[in-house]
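Following: one structure in structure tokens, then a few remarks.
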There are 2 protein chains.
Amino acid sequence: MPLLDPIESPAARALNTNGKAPALLVCEHASRFIPAALDELGLTATAALSHAAWDIGARDLAIELMGALDAPLVLSRVSRLVYDCNRPPDAKGAIPSRSEAFEVPGNSELTTEERNRRVQEIYNPFQRLLSATLDARPTPPVLITIHSFTPVYHGRRRDVELGILHDADDRAARILLKAASGSGLKTALNQPYSAADGVTHTLREHGLKRGLPNVMIEIRNDLLDSPGGITRMTGLLAPMLQATISELVPQEVQT
Amino acid sequence: MPLLDPIESPAARALNTNGKAPALLVCEHASRFIPAALDELGLTATAALSHAAWDIGARDLAIELMGALDAPLVLSRVSRLVYDCNRPPDAKGAIPSRSEAFEVPGNSELTTEERNRRVQEIYNPFQRLLSATLDARPTPPVLITIHSFTPVYHGRRRDVELGILHDADDRAARILLKAASGSGLKTALNQPYSAADGVTHTLREHGLKRGLPNVMIEIRNDLLDSPGGITRMTGLLAPMLQATISELVPQEVQT
């Protein structure tokens, strides 16, 4: 029996693949869907709805940005508690048995076969789809990953509203940071996480290895918890991203 | 002052406009967003979250179908309580002052100028975008509108799960009805609404006038209220729609 039945497949989707912008949006934590075969991973209802299961609002924001920029978007269709597509298979957090305050009973004591099945059915198809989508772009794009974070983590309030994260290549992050300066958003570089926390797997695998400019965006999720919030953040972020893309891929280079 | 400020604009979006399928998806009731200038229309919190404000789950389903079929999608970004884009400006329900159980204080006693502004800033841009998206299709597409309905209406339970609605042209509806027969869904033609209820404005304006095959889909919204529901309904509907499109637009006609 596959983890995802035919009606639940595929594990990932690429949207607007013929979008004109020389950019690719990625949302690894777009879904809180748990395949029926996994019996909700034994989660409490609270945990299954929480930021532990997905990045609240990130999917809606990514889809809006896809429309505003006319960029393609690759997104996961499965909860990160089943497999976190922004983690390599050997990372401890790839299939977490605990996430912040929440236990994940369905992930404890997995056999090697069960772990491999998650990798083969979720991580591998996501990676292949992302690679194929990048291969098909006519111009080398700017890689932009869209995330959200919880306003309170382990009891501590987070003041930053927009986090701009980079790995070894900080070109896109520096330009975006400058573009964000007039937005009124409390913006910070490499907060609330940084590459040292192991959160830049997609940037490394698909940005650095291809030499593409790349950046990870983290929005505090209380800014994305209503249609008004999604609309407002789209209106603020789209011009910043547009400016970043234009500076990194001048018009005359675009095909 | 415009109704939608620059950060909140535009009123509608066309996604995946270069999608390959000879179909166009439309979701007129995709959003429960109310522009800040309208002060939540005086709605209670319950009303603002309810099916009165939008078609619960329809946007997520439409986006999933867009990906599954590789079809373009035109969606509204504003609540139907601000302006219902599936109603002509002279319809009573275009800017309702009451919706099922809910009063809409912000819509009562509107001046002609206020009504005109809603038409000009929401209805007209939506119509123009839909027309332009149809104009740009290389092959005459099948027009498919995606809606959801509440399981209980005026105290009465509704048993139908999938409603297939048509106006004067029933070609797509008949084929889809046949395709739905093996799905296990309780399916009915012209339920829980029909053209007589004034719900086929988009089909008439953009389907009949152009001679395009067209159909309106209504899903009971308790089937769309979770990621599992959206995933499952996408898995069931995508092959039915695919079969319908293929029968109406044979491969050799597609460019």
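Naming scheme: A, B, ... for chains in displayed order of the structure tokens; residues 1 onward per chain; ligands 1 onward as shown.
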Please report, as a list in words, each residue of region 162-232 of chain A to which DSSP assigns strand (DSSP E) when run on this structure's backbone.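 The residues of region 162-232 of chain A classed as strand (DSSP E) are Leu162, Gly163, Ile164, Leu165, Thr187, Ala188, Leu189, Asn214, Val215, Met216, Ile217, Glu218, Ile219 and Arg220 of chain A.
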Please identify all residues of chain B having at least one atom at most 7 Å from any atom of chain A, considering only C-alpha atoms, and return them as a list in words.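 Here is what falls inside 7 Å: Ile7, Glu8, Arg13, Leu15, Asn16, Asn18, Arg32, Phe33, Gly67, Pro227, Gly228, Thr231, Arg232, Gly235 and Leu236 of chain B.
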Could you give me the residues within region 98-235 of chain A that DSSP places in alpha helix (DSSP H), as a PyMOL selection string? chain A and resi 112-118+124-135+171-179+201-202+227-235
Select, from B:Ser181, B:Ser194, B:Thr150, B:Thr133, the residue with the minimum atom-to-atom distance to Leu25 (chain B), counting only C-alpha atoms.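 Among the listed residues, B:Thr133 lies closest to Leu25 (chain B).
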Pick out the closest residue to Asn214 (chain A) from this set: A:Val152, A:Ala180, A:Leu4, A:Val26. Count only C-alpha atoms.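 With only C-alpha atoms as the atom set, the closest residue is A:Val26.
Among the candidates A:Arg220, A:Arg98, A:Arg210, A:Lys178, the one nearest to Arg157 (chain A) when counting only C-alpha atoms is A:Arg220.
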Counting only C-alpha atoms, what is within 12 Å of Val249 (chain B), bar same-chain residues fewer than 4 positions away, as a list of chain:residue names? B:Ala21, B:Pro22, B:Ala23, B:Thr139, B:Pro140, B:Pro141, B:Val142, B:Leu143, B:Arg171, B:Ala172, B:Leu212, B:Pro213, B:Leu241, B:Gln242, B:Ala243, B:Thr244, B:Ile245, B:Val253, B:Gln254, B:Thr255
Can you write just those residues out, C-alpha atoms, as a compact mmCIF listing (two decimals), in the first residue's frame?
```txt
# COMPACT_ATOMS: atom_id res chain seq x y z
CA ALA B 21 -5.78 22.59 -20.98
CA PRO B 22 -8.56 23.88 -23.30
CA ALA B 23 -10.53 24.96 -20.26
CA THR B 139 -8.28 27.05 -28.38
CA PRO B 140 -11.93 27.80 -27.49
CA PRO B 141 -12.04 26.48 -23.90
CA VAL B 142 -14.66 24.78 -21.76
CA LEU B 143 -15.80 27.29 -19.12
CA ARG B 171 -23.42 19.87 -23.26
CA ALA B 172 -20.74 20.03 -20.57
CA LEU B 212 -18.31 27.95 -25.37
CA PRO B 213 -19.38 24.75 -23.59
CA LEU B 241 -13.39 17.27 -15.63
CA GLN B 242 -10.53 15.91 -17.71
CA ALA B 243 -12.90 13.45 -19.39
CA THR B 244 -15.45 16.21 -20.00
CA ILE B 245 -12.87 18.54 -21.53
CA VAL B 253 -8.62 20.40 -32.24
CA GLN B 254 -6.28 21.64 -29.52
CA THR B 255 -3.47 23.90 -30.69
```
Expressed in Å, the length from CA of Ile56 (chain B) to CA of Leu224 (chain B) is 7.2 Å
Who sits within 12 Å of Gln120 (chain B), only C-alpha atoms, same chain under 5 positions skipped, as a VMD selection string: chain B and resid 2 to 4 11 83 85 89 113 to 115 125 to 128
Just N, CA and C atoms for this one: save the residues we selected as a PDB file, in the first residue's frame.
```pdb
ATOM      1  N   PRO B   2     -10.317  55.505  -3.306  1.00  0.00           N
ATOM      2  CA  PRO B   2     -10.835  54.257  -3.890  1.00  0.00           C
ATOM      3  C   PRO B   2     -11.227  53.273  -2.783  1.00  0.00           C
ATOM      4  N   LEU B   3     -12.118  52.349  -3.144  1.00  0.00           N
ATOM      5  CA  LEU B   3     -12.553  51.310  -2.214  1.00  0.00           C
ATOM      6  C   LEU B   3     -11.380  50.406  -1.850  1.00  0.00           C
ATOM      7  N   LEU B   4     -10.684  49.932  -2.883  1.00  0.00           N
ATOM      8  CA  LEU B   4      -9.486  49.108  -2.702  1.00  0.00           C
ATOM      9  C   LEU B   4      -8.275  50.025  -2.770  1.00  0.00           C
ATOM     10  N   ALA B  11      -8.795  43.695  -7.784  1.00  0.00           N
ATOM     11  CA  ALA B  11     -10.029  43.049  -7.342  1.00  0.00           C
ATOM     12  C   ALA B  11     -10.115  41.594  -7.802  1.00  0.00           C
ATOM     13  N   TYR B  83     -19.316  42.786  -3.481  1.00  0.00           N
ATOM     14  CA  TYR B  83     -19.998  42.690  -4.769  1.00  0.00           C
ATOM     15  C   TYR B  83     -19.945  41.232  -5.202  1.00  0.00           C
ATOM     16  N   CYS B  85     -19.663  38.807  -7.916  1.00  0.00           N
ATOM     17  CA  CYS B  85     -19.273  38.852  -9.327  1.00  0.00           C
ATOM     18  C   CYS B  85     -20.026  37.864 -10.204  1.00  0.00           C
ATOM     19  N   PRO B  89     -25.096  43.919 -12.383  1.00  0.00           N
ATOM     20  CA  PRO B  89     -25.306  45.074 -11.495  1.00  0.00           C
ATOM     21  C   PRO B  89     -26.769  45.341 -11.155  1.00  0.00           C
ATOM     22  N   GLU B 113     -24.130  56.446  -5.905  1.00  0.00           N
ATOM     23  CA  GLU B 113     -22.682  56.610  -6.086  1.00  0.00           C
ATOM     24  C   GLU B 113     -21.914  55.457  -5.434  1.00  0.00           C
ATOM     25  N   GLU B 114     -22.351  55.065  -4.240  1.00  0.00           N
ATOM     26  CA  GLU B 114     -21.681  53.946  -3.562  1.00  0.00           C
ATOM     27  C   GLU B 114     -21.859  52.624  -4.318  1.00  0.00           C
ATOM     28  N   ARG B 115     -23.067  52.395  -4.828  1.00  0.00           N
ATOM     29  CA  ARG B 115     -23.300  51.176  -5.630  1.00  0.00           C
ATOM     30  C   ARG B 115     -22.430  51.200  -6.887  1.00  0.00           C
ATOM     31  N   PRO B 125     -13.731  45.230 -13.230  1.00  0.00           N
ATOM     32  CA  PRO B 125     -12.394  44.628 -13.419  1.00  0.00           C
ATOM     33  C   PRO B 125     -12.441  43.099 -13.499  1.00  0.00           C
ATOM     34  N   PHE B 126     -13.318  42.484 -12.706  1.00  0.00           N
ATOM     35  CA  PHE B 126     -13.444  41.022 -12.771  1.00  0.00           C
ATOM     36  C   PHE B 126     -13.909  40.601 -14.157  1.00  0.00           C
ATOM     37  N   GLN B 127     -14.934  41.260 -14.670  1.00  0.00           N
ATOM     38  CA  GLN B 127     -15.468  40.922 -15.997  1.00  0.00           C
ATOM     39  C   GLN B 127     -14.428  41.152 -17.092  1.00  0.00           C
ATOM     40  N   ARG B 128     -13.722  42.281 -16.993  1.00  0.00           N
ATOM     41  CA  ARG B 128     -12.706  42.582 -18.013  1.00  0.00           C
ATOM     42  C   ARG B 128     -11.597  41.537 -18.009  1.00  0.00           C
TER      43      ARG B 128
END
```
